[in-house]
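**Student:** Sharing final-v1.cif (mmCIF, C-alpha atoms (C1' of nucleotides)) below.
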```cif
data_my_file
#
loop_
_atom_site.label_atom_id
_atom_site.label_comp_id
_atom_site.auth_asym_id
_atom_site.auth_seq_id
_atom_site.Cartn_x
_atom_site.Cartn_y
_atom_site.Cartn_z
CA MET A 1 54.57 102.68 57.42
CA ASP A 2 51.14 102.72 59.00
CA ASP A 3 50.98 106.44 58.50
CA GLN A 4 52.08 106.01 54.99
CA THR A 5 49.52 103.35 54.41
CA ARG A 6 46.84 105.62 55.75
CA MET A 7 48.10 108.52 53.76
CA LEU A 8 48.18 106.51 50.62
CA GLY A 9 44.71 105.27 51.30
CA LEU A 10 45.80 101.71 50.98
CA GLY A 11 44.18 100.59 54.19
CA GLY A 12 40.75 99.69 53.00
CA GLY A 13 38.96 98.95 49.78
CA LEU A 14 41.79 99.92 47.52
CA GLY A 15 40.91 97.02 45.37
CA ALA A 16 42.54 96.95 41.98
CA LEU A 17 45.12 99.67 41.90
CA SER A 18 44.74 100.80 38.35
CA GLN A 19 44.13 104.50 37.97
CA ALA A 20 40.96 103.83 36.06
CA ASP A 21 39.47 102.12 39.05
CA VAL A 22 40.51 104.57 41.68
CA GLY A 23 37.47 106.28 42.99
CA ASP A 24 35.17 103.77 41.39
CA PRO A 25 33.00 102.42 44.24
CA ASP A 26 31.54 99.62 42.14
CA SER A 27 34.91 98.34 41.21
CA ALA A 28 36.12 98.59 44.80
CA ARG A 29 33.12 96.71 46.04
CA LYS A 30 33.65 93.97 43.49
CA GLN A 31 37.30 93.64 44.42
CA GLN A 32 36.53 93.61 48.10
CA ALA A 33 33.96 90.90 47.57
CA LEU A 34 36.69 88.81 46.07
CA GLY A 35 38.80 89.30 49.20
CA GLN A 36 42.03 88.19 47.56
CA PRO A 37 43.44 91.54 46.33
CA GLN A 38 43.09 93.12 49.75
CA GLN A 39 45.09 90.30 51.19
CA ASP A 40 47.69 90.78 48.47
CA ILE A 41 48.10 94.43 49.39
CA GLY A 42 48.51 93.52 53.01
CA ASP A 43 51.17 90.97 52.08
CA ILE A 44 53.05 93.44 49.92
CA LEU A 45 53.05 96.07 52.63
CA GLN A 46 54.21 93.55 55.18
CA GLN A 47 57.06 92.53 52.90
CA ILE A 48 58.06 96.12 52.28
CA MET A 49 57.98 96.82 56.02
CA ALA A 50 60.15 93.80 56.72
CA ILE A 51 62.83 94.64 54.14
CA THR A 52 64.79 96.94 56.43
CA ASP A 53 65.09 94.19 59.05
CA GLU A 54 66.51 91.71 56.61
CA SER A 55 70.09 91.13 55.56
CA LEU A 56 71.35 92.76 52.38
CA ASP A 57 71.07 89.60 50.31
CA GLU A 58 67.64 88.82 51.63
CA ALA A 59 66.55 92.40 51.00
CA GLN A 60 67.84 92.26 47.42
CA ALA A 61 65.97 89.06 46.82
CA ARG A 62 62.84 90.47 48.43
CA LYS A 63 63.11 93.64 46.31
CA HIS A 64 63.44 91.58 43.18
CA ALA A 65 60.40 89.54 44.16
CA LEU A 66 58.43 92.69 44.85
CA ASN A 67 59.54 94.16 41.54
CA CYS A 68 58.13 91.16 39.76
CA HIS A 69 54.97 91.13 41.78
CA ARG A 70 51.84 91.34 39.63
CA MET A 71 50.47 94.17 41.80
CA LYS A 72 53.56 96.32 41.48
CA PRO A 73 52.49 98.38 38.41
CA ALA A 74 49.18 99.21 40.04
CA LEU A 75 50.83 100.16 43.32
CA PHE A 76 53.28 102.39 41.48
CA SER A 77 50.52 103.99 39.55
CA VAL A 78 48.71 104.96 42.73
CA LEU A 79 51.87 106.20 44.40
CA CYS A 80 52.65 108.30 41.37
CA GLU A 81 49.18 109.74 41.37
CA ILE A 82 49.32 110.63 45.04
CA LYS A 83 52.77 112.14 44.65
CA GLU A 84 51.49 114.13 41.72
CA LYS A 85 48.56 115.45 43.75
CA THR A 86 50.58 116.37 46.83
CA VAL A 87 54.22 117.30 46.31
CA LEU A 88 54.26 118.26 42.67
CA SER A 89 51.06 120.27 42.73
CA ILE A 90 52.78 122.71 45.11
CA ARG A 91 55.47 123.39 42.51
CA GLY A 92 53.02 123.35 39.65
CA VAL A 93 51.90 126.89 40.35
CA GLN A 94 55.21 128.50 39.41
CA GLU A 95 55.99 126.37 36.44
CA GLU A 96 54.33 128.21 33.60
CA ASP A 97 56.87 131.04 33.45
CA PRO A 98 56.07 133.88 31.11
CA PRO A 99 58.87 134.63 28.62
CA ASP A 100 61.65 136.55 30.36
CA PRO A 101 61.58 140.18 29.12
CA GLN A 102 65.35 140.43 29.47
CA ILE A 103 65.89 137.41 27.22
CA MET A 104 63.42 138.89 24.78
CA ARG A 105 65.34 142.15 24.74
CA LEU A 106 68.64 140.35 24.20
CA ASP A 107 67.11 138.20 21.46
CA ASN A 108 65.70 141.25 19.71
CA MET A 109 69.01 143.04 19.88
CA LEU A 110 70.98 140.05 18.61
CA LEU A 111 68.48 139.70 15.78
CA ALA A 112 68.67 143.40 14.91
CA GLU A 113 72.47 143.31 14.91
CA GLY A 114 72.46 140.25 12.69
CA VAL A 115 74.18 138.02 15.26
CA SER A 116 71.26 135.63 15.54
CA GLY A 117 68.72 134.92 12.82
CA PRO A 118 69.49 134.89 9.10
CA GLU A 119 73.09 135.65 8.20
CA LYS A 120 72.42 138.42 5.69
CA GLY A 121 70.48 141.63 6.39
CA GLY A 122 70.58 142.95 9.93
CA GLY A 123 74.33 143.02 10.29
CA SER A 124 75.09 144.80 7.08
CA ALA A 125 72.18 147.15 7.61
CA ALA A 126 73.48 147.99 11.05
CA ALA A 127 76.96 148.46 9.63
CA ALA A 128 75.63 150.75 6.93
CA ALA A 129 73.70 152.76 9.51
CA ALA A 130 76.77 152.95 11.69
CA ALA A 131 78.87 154.04 8.71
CA ALA A 132 76.36 156.75 7.88
CA ALA A 133 76.27 157.92 11.48
CA ALA A 134 80.06 158.02 11.57
CA GLY A 135 79.82 160.61 8.79
CA GLY A 136 82.83 159.28 6.97
CA SER A 137 83.30 159.76 3.26
CA PRO A 138 81.77 157.07 1.04
CA ASN A 139 85.20 155.69 0.15
CA ASP A 140 86.58 154.96 3.59
CA GLY A 141 83.05 154.04 4.68
CA SER A 142 83.21 150.86 2.62
CA ILE A 143 86.51 149.89 4.24
CA GLU A 144 85.07 150.49 7.70
CA HIS A 145 81.94 148.67 6.65
CA SER A 146 83.78 145.50 5.66
CA ASP A 147 85.91 145.72 8.78
CA TYR A 148 82.80 146.02 10.92
CA ARG A 149 81.15 143.13 9.11
CA ALA A 150 84.20 140.93 9.52
CA LYS A 151 84.30 141.55 13.26
CA LEU A 152 80.55 141.07 13.56
CA ALA A 153 80.84 137.79 11.67
CA GLN A 154 83.52 136.73 14.14
CA ILE A 155 81.23 137.50 17.07
CA ARG A 156 78.40 135.70 15.30
CA GLN A 157 80.54 132.62 14.77
CA ILE A 158 81.65 132.48 18.39
CA TYR A 159 78.07 133.01 19.55
CA HIS A 160 76.72 130.19 17.42
CA SER A 161 79.48 127.76 18.30
CA GLU A 162 78.98 128.45 22.03
CA LEU A 163 75.22 128.18 21.63
CA GLU A 164 75.64 124.85 19.88
CA LYS A 165 77.90 123.64 22.69
CA TYR A 166 75.35 124.63 25.32
CA GLU A 167 72.52 123.01 23.40
CA GLN A 168 74.50 119.82 23.01
CA ALA A 169 75.41 119.78 26.69
CA CYS A 170 71.80 120.46 27.61
CA SER A 171 70.56 117.67 25.38
CA GLU A 172 73.16 115.23 26.73
CA PHE A 173 72.42 116.13 30.31
CA THR A 174 68.66 115.88 29.74
CA THR A 175 69.02 112.44 28.19
CA HIS A 176 71.24 111.37 31.06
CA VAL A 177 68.77 112.58 33.70
CA MET A 178 65.82 111.06 31.85
CA ASN A 179 67.56 107.70 31.68
CA LEU A 180 68.47 107.97 35.31
CA LEU A 181 64.90 108.77 36.32
CA ARG A 182 63.51 106.00 34.14
CA GLU A 183 65.96 103.64 35.76
CA GLN A 184 64.96 104.88 39.20
CA SER A 185 61.29 104.65 38.32
CA ARG A 186 61.71 100.91 38.63
CA THR A 187 62.30 101.26 42.35
CA ARG A 188 60.45 104.45 43.29
CA PRO A 189 57.35 106.17 42.02
CA ILE A 190 58.37 108.57 39.26
CA SER A 191 55.67 109.51 36.79
CA PRO A 192 56.34 110.63 33.21
CA LYS A 193 55.01 114.04 34.23
CA GLU A 194 57.67 114.28 36.91
CA ILE A 195 60.33 113.45 34.34
CA GLU A 196 58.90 116.19 32.11
CA ARG A 197 59.11 118.63 34.98
CA MET A 198 62.71 117.67 35.64
CA VAL A 199 63.50 118.22 31.96
CA ALA A 200 61.85 121.64 32.16
CA ILE A 201 63.98 122.50 35.21
CA ILE A 202 67.15 121.47 33.35
CA HIS A 203 66.13 123.57 30.38
CA ARG A 204 65.54 126.57 32.62
CA LYS A 205 69.00 126.17 34.13
CA PHE A 206 70.58 125.96 30.71
CA SER A 207 68.58 128.89 29.43
CA SER A 208 70.03 131.03 32.22
CA ILE A 209 73.49 130.03 30.98
CA GLN A 210 72.36 130.94 27.48
CA MET A 211 71.23 134.31 28.76
CA GLN A 212 74.73 134.97 30.06
CA LEU A 213 76.10 134.06 26.64
CA LYS A 214 73.61 136.39 24.98
CA GLN A 215 74.49 139.16 27.41
CA SER A 216 78.20 138.93 26.76
CA THR A 217 77.57 138.74 23.01
CA CYS A 218 75.47 141.90 23.20
CA GLU A 219 78.25 143.59 25.15
CA ALA A 220 80.78 142.60 22.49
CA VAL A 221 78.54 144.01 19.75
CA MET A 222 78.05 147.22 21.72
CA ILE A 223 81.80 147.65 22.15
CA LEU A 224 82.33 146.98 18.45
CA ARG A 225 79.64 149.47 17.50
CA SER A 226 80.88 152.14 19.87
CA ARG A 227 84.39 151.77 18.49
CA PHE A 228 83.06 151.89 14.98
CA LEU A 229 80.85 154.87 15.71
CA ASP A 230 83.39 156.83 17.71
CA ALA A 231 84.21 159.34 15.04
CA ARG A 232 87.06 160.84 17.03
CA ARG A 233 88.99 157.62 16.70
CA LYS A 234 88.81 157.74 12.93
CA ARG A 235 88.89 161.45 12.26
CA ARG A 236 89.85 162.25 8.72
CA ASN A 237 90.83 165.70 7.58
CA PHE A 238 88.56 167.05 4.90
CA ASN A 239 90.06 167.05 1.46
CA LYS A 240 91.69 170.19 0.10
CA GLN A 241 88.80 171.09 -2.14
CA ALA A 242 86.27 170.84 0.71
CA THR A 243 88.43 173.03 2.98
CA GLU A 244 88.76 175.54 0.16
CA VAL A 245 84.99 175.72 -0.36
CA LEU A 246 84.40 176.20 3.36
CA ASN A 247 87.14 178.83 3.68
CA GLU A 248 85.82 180.71 0.67
CA TYR A 249 82.41 180.94 2.25
CA PHE A 250 83.86 181.86 5.64
CA TYR A 251 86.08 184.69 4.42
CA SER A 252 83.53 186.01 1.96
CA HIS A 253 81.04 186.23 4.84
CA LEU A 254 83.56 187.34 7.44
CA SER A 255 81.23 190.05 8.74
CA ASN A 256 78.63 187.38 9.47
CA PRO A 257 80.14 183.90 9.23
CA TYR A 258 76.93 182.11 10.14
CA PRO A 259 75.61 180.13 7.18
CA SER A 260 71.87 179.50 7.09
CA GLU A 261 70.53 175.96 7.13
CA GLU A 262 70.17 176.11 3.33
CA ALA A 263 73.72 177.41 2.93
CA LYS A 264 75.01 174.64 5.21
CA GLU A 265 73.21 172.03 3.14
CA GLU A 266 74.64 173.53 -0.04
CA LEU A 267 78.16 173.56 1.42
CA ALA A 268 77.74 170.01 2.73
CA LYS A 269 76.74 168.84 -0.73
CA LYS A 270 79.65 170.66 -2.37
CA CYS A 271 82.18 169.27 0.11
CA GLY A 272 80.79 165.76 0.37
CA ILE A 273 80.35 166.02 4.14
CA THR A 274 77.35 166.20 6.48
CA VAL A 275 75.54 169.36 7.59
CA SER A 276 76.68 168.78 11.18
CA GLN A 277 80.27 168.57 9.96
CA VAL A 278 79.76 171.92 8.26
CA SER A 279 78.39 173.31 11.55
CA ASN A 280 81.38 171.90 13.44
CA TRP A 281 83.77 173.36 10.94
CA PHE A 282 82.24 176.83 11.17
CA GLY A 283 82.12 176.61 14.95
CA ASN A 284 85.78 175.73 15.12
CA LYS A 285 86.71 178.24 12.46
CA ARG A 286 84.92 181.18 14.10
CA ILE A 287 86.47 180.52 17.46
CA ARG A 288 89.97 179.91 16.14
CA TYR A 289 89.80 182.92 13.88
CA LYS A 290 88.61 185.11 16.74
CA LYS A 291 91.34 183.81 19.04
CA ASN A 292 94.12 184.54 16.58
CA ILE A 293 93.05 187.01 13.88
CA GLY A 294 96.66 187.85 13.10
CA LYS A 295 97.52 184.31 12.23
CA PHE A 296 94.53 183.98 9.92
CA GLN A 297 95.01 187.43 8.31
CA GLU A 298 97.14 186.06 5.48
CA GLU A 299 94.61 183.35 4.77
CA ALA A 300 91.82 185.94 4.90
CA ASN A 301 93.63 188.16 2.36
CA LEU A 302 94.25 185.18 0.11
CA TYR A 303 90.59 184.24 0.02
CA ALA A 304 89.53 187.88 -0.32
CA VAL A 305 91.62 188.14 -3.48
CA LYS A 306 90.33 184.81 -4.71
CA THR A 307 86.74 185.89 -4.16
CA ALA A 308 87.35 189.18 -5.93
CA VAL A 309 88.91 187.38 -8.89
CA ASP A 310 86.06 184.92 -9.06
CA ALA A 311 83.56 187.76 -8.96
CA ALA A 312 85.40 189.57 -11.74
CA ASN A 313 85.48 186.32 -13.67
CA VAL A 314 81.76 185.87 -13.35
CA SER A 315 81.04 189.46 -14.43
CA ALA A 316 83.41 189.12 -17.37
CA GLN A 317 81.63 185.95 -18.46
CA ALA A 318 78.33 187.74 -18.15
CA SER A 319 79.49 190.66 -20.29
CA GLN A 320 80.90 188.16 -22.79
CA ALA A 321 77.50 186.59 -23.05
CA ASN A 322 75.96 190.01 -23.61
CA SER A 323 78.49 191.09 -26.35
CA PRO A 324 79.38 188.19 -28.67
CA ALA A 325 81.73 190.50 -30.70
CA THR A 326 84.54 190.12 -28.07
CA PRO A 327 85.19 186.36 -27.85
CA ASN A 328 88.62 186.50 -26.10
CA SER A 329 87.64 188.51 -23.03
CA GLY A 330 87.04 185.30 -21.02
CA ASN A 331 90.63 184.14 -21.47
CA GLU A 332 91.95 187.39 -20.00
CA ALA A 333 89.94 186.78 -16.89
CA ASP A 334 91.34 183.25 -16.66
CA GLY A 335 94.83 184.62 -17.01
CA LYS A 336 94.40 186.70 -13.88
CA ARG A 337 93.96 183.57 -11.75
"C1'" DT B 1 109.12 161.98 17.78
"C1'" DC B 2 106.70 165.96 18.74
"C1'" DA B 3 104.26 170.22 18.11
"C1'" DA B 4 100.74 172.16 15.35
"C1'" DA B 5 96.57 171.57 12.96
"C1'" DT B 6 92.09 169.91 12.80
"C1'" DG B 7 87.57 167.60 13.31
"C1'" DA B 8 84.53 166.09 17.00
"C1'" DT B 9 82.53 166.25 21.57
"C1'" DT B 10 80.99 168.23 25.83
"C1'" DC B 11 79.42 171.76 28.76
"C1'" DC B 12 77.19 175.99 29.45
"C1'" DG B 13 74.50 180.16 28.61
"C1'" DC B 14 71.00 182.29 25.94
"C1'" DG C 1 68.37 174.31 19.42
"C1'" DC C 2 72.30 177.19 18.45
"C1'" DG C 3 76.72 179.10 19.28
"C1'" DG C 4 80.94 179.93 22.25
"C1'" DA C 5 84.51 177.95 24.77
"C1'" DA C 6 87.25 174.26 26.37
"C1'" DT C 7 88.88 169.93 25.56
"C1'" DC C 8 89.80 165.48 23.44
"C1'" DA C 9 91.69 162.47 19.91
"C1'" DT C 10 93.68 161.96 15.70
"C1'" DT C 11 96.36 163.44 11.63
"C1'" DT C 12 100.01 165.87 9.52
"C1'" DG C 13 104.39 167.70 8.60
"C1'" DA C 14 108.95 169.01 10.02
#
```
Do you think you could lay out the structure here as structure tokens?
**Tutor:**
Amino acid sequence: MDDQTRMLGLGGGLGALSQADVGDPDSARKQQALGQPQQDIGDILQQIMAITDESLDEAQARKHALNCHRMKPALFSVLCEIKEKTVLSIRGVQEEDPPDPQIMRLDNMLLAEGVSGPEKGGGSAAAAAAAAAAGGSPNDGSIEHSDYRAKLAQIRQIYHSELEKYEQACSEFTTHVMNLLREQSRTRPISPKEIERMVAIIHRKFSSIQMQLKQSTCEAVMILRSRFLDARRKRRNFNKQATEVLNEYFYSHLSNPYPSEEAKEELAKKCGITVSQVSNWFGNKRIRYKKNIGKFQEEANLYAVKTAVDAANVSAQASQANSPATPNSGNEADGKR
DNA sequence: TCAAATGATTCCGC
DNA sequence: GCGGAATCATTTGA
């Protein structure tokens, strides 16, 4: 205890132990002149030293007496201050953590996907974007959209309920630890700052658990999105009209079945599909036609006739427009179809 | 249920 | 970046 006494600076001229007076030479001098407080400190230290040699009952009684001693708050205050300056200052350096970039990324993603933050907006926007990327027709897109939203809402609900649980547990645990430390602060020097630090440590621990929750939520959203976006899983055959339009173009340009960008856009608009779907279709068609010309010959003939008829139809309509005296010529052309 | 058809993706060469 | 070729995954029809 002598070492401790020296370390704590209690040996000489401590005087009144209030923090305000520490380091105040005038105050110390005044107290020393009085003589009494120094003697009190000596008594207290003697009593503390003697506690371990006493029986349990005696020690309890002594502790109680010390607890009620008028110098106790001042002594605690000094001990707290010294503890603050020595032990805790070492840890203090690493306490002001910058925001974790990983948590920030996860938060941003969860916000963008509409899992965290306001309920409306992000989620449906993401679903709409996903639906557009999937390239599905507008009709089935809405079905997929609602399906996606329902699943996203499910993830959101689980995320929030888990988050609530963690927050509640964190709050309960923090309260418990704070009460415990306050209780202990009656028998050992624990400053409010130290309690704050402990609370911060608990929060850091719980935030790492929260990060795991956020990570797994992000994974769930990614899986949902990839399933939703994986067009191969929900391939739909183009409707008959679209296939007809594409085939007409293909067989009428059989010598050079490579539509320009403008032609692709035009075809995409006509068929209600995307330009890349048109490109895919032509890619597949060229290769499959080339591989088995015989098989496609019948189809080629069919569309050749159809094209010829349509051309004749157009020219007939044109001549009808030029000679209003023959009003029935258009019907003949229709009859050929 | 299964083979064929079909739309999408991936890899590679130009 | 585009197109050919191979392949995958799903739909369709017998």
**Student:** Residue by residue, what does the PyMOL selection byres ((chain B) within 8 of (chain A)) grab here? Present the result as a PyMOL selection string.
**Tutor:** chain B and resi 6-8
**Student:** Selection from above, C-alpha atoms (C1' of nucleotides), as a short mmCIF file (atom, residue, chain, number, x, y, z; two decimals), keeping the file's coordinate frame, can you write it?
**Tutor:**
```cif
data_model
loop_
_atom_site.label_atom_id
_atom_site.label_comp_id
_atom_site.auth_asym_id
_atom_site.auth_seq_id
_atom_site.Cartn_x
_atom_site.Cartn_y
_atom_site.Cartn_z
"C1'" DT B 6 92.09 169.91 12.80
"C1'" DG B 7 87.57 167.60 13.31
"C1'" DA B 8 84.53 166.09 17.00
#
```
**Student:** If you apply the PyMOL selection byres ((chain C) within 9 of (chain A)) to this file, what residues do you get, as a list in words?
**Tutor:** DG3, DG4, DA5, DC8, DA9, DT10 and DT11 of chain C
**Student:** Specify the axis-aligned box that encloses all atoms of stretch 7-13 of chain C listed in the file after padding of 5 Å on each side, stating its centre and edge lengths in Å to one decimal as AutoDock Vina command-line options.
**Tutor:**
```
--center_x 96.6 --center_y 165.9 --center_z 17.1 --size_x 25.5 --size_y 18.0 --size_z 27.0
```
**Student:** Have a look at atom CA of A:Glu172 and atom CA of A:Gln102 and let me know their distance in Å, one decimal.
**Tutor:**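 Between these atoms lies a distance of 26.5 Å.
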**Student:** Evaluating the PyMOL selection byres ((chain B and resi 3) around 12) on the displayed file yields which residues, as a PyMOL selection string?
**Tutor:** (chain B and resi 1-2+4-5) or (chain C and resi 12-14)
**Student:** What lies within 12 Å of A:Ala50 using all atoms listed in the file, ignoring chain neighbours under 6 positions off, as a ChimeraX atom specification?
**Tutor:** /A:1,43-44,58-59,62-63
**Student:** Go ahead and write the residues just picked, C-alpha atoms, as a CSV table (one decimal), in the frame of the given file.
**Tutor:**
```csv
chain,number,residue,atom,x,y,z
A,1,MET,CA,54.6,102.7,57.4
A,43,ASP,CA,51.2,91.0,52.1
A,44,ILE,CA,53.0,93.4,49.9
A,58,GLU,CA,67.6,88.8,51.6
A,59,ALA,CA,66.6,92.4,51.0
A,62,ARG,CA,62.8,90.5,48.4
A,63,LYS,CA,63.1,93.6,46.3
```
**Student:** Just chain C, please, as a PDB file, in the first residue's frame (only C-alpha atoms (C1' of nucleotides)).
**Tutor:**
```pdb
ATOM      1  C1'  DG C   1     -18.465  -4.083 -80.041  1.00  0.00           C
ATOM      2  C1'  DC C   2     -20.345  -7.473 -83.154  1.00  0.00           C
ATOM      3  C1'  DG C   3     -21.218 -11.983 -84.802  1.00  0.00           C
ATOM      4  C1'  DG C   4     -20.512 -17.167 -84.752  1.00  0.00           C
ATOM      5  C1'  DA C   5     -20.654 -21.204 -82.165  1.00  0.00           C
ATOM      6  C1'  DA C   6     -21.637 -23.869 -78.217  1.00  0.00           C
ATOM      7  C1'  DT C   7     -24.285 -24.368 -74.370  1.00  0.00           C
ATOM      8  C1'  DC C   8     -27.729 -23.622 -70.794  1.00  0.00           C
ATOM      9  C1'  DA C   9     -32.405 -23.283 -69.037  1.00  0.00           C
ATOM     10  C1'  DT C  10     -37.011 -23.040 -69.872  1.00  0.00           C
ATOM     11  C1'  DT C  11     -41.270 -23.730 -72.577  1.00  0.00           C
ATOM     12  C1'  DT C  12     -44.098 -26.297 -75.600  1.00  0.00           C
ATOM     13  C1'  DG C  13     -46.438 -29.967 -77.697  1.00  0.00           C
ATOM     14  C1'  DA C  14     -47.061 -34.791 -78.597  1.00  0.00           C
TER      15       DA C  14
END
```
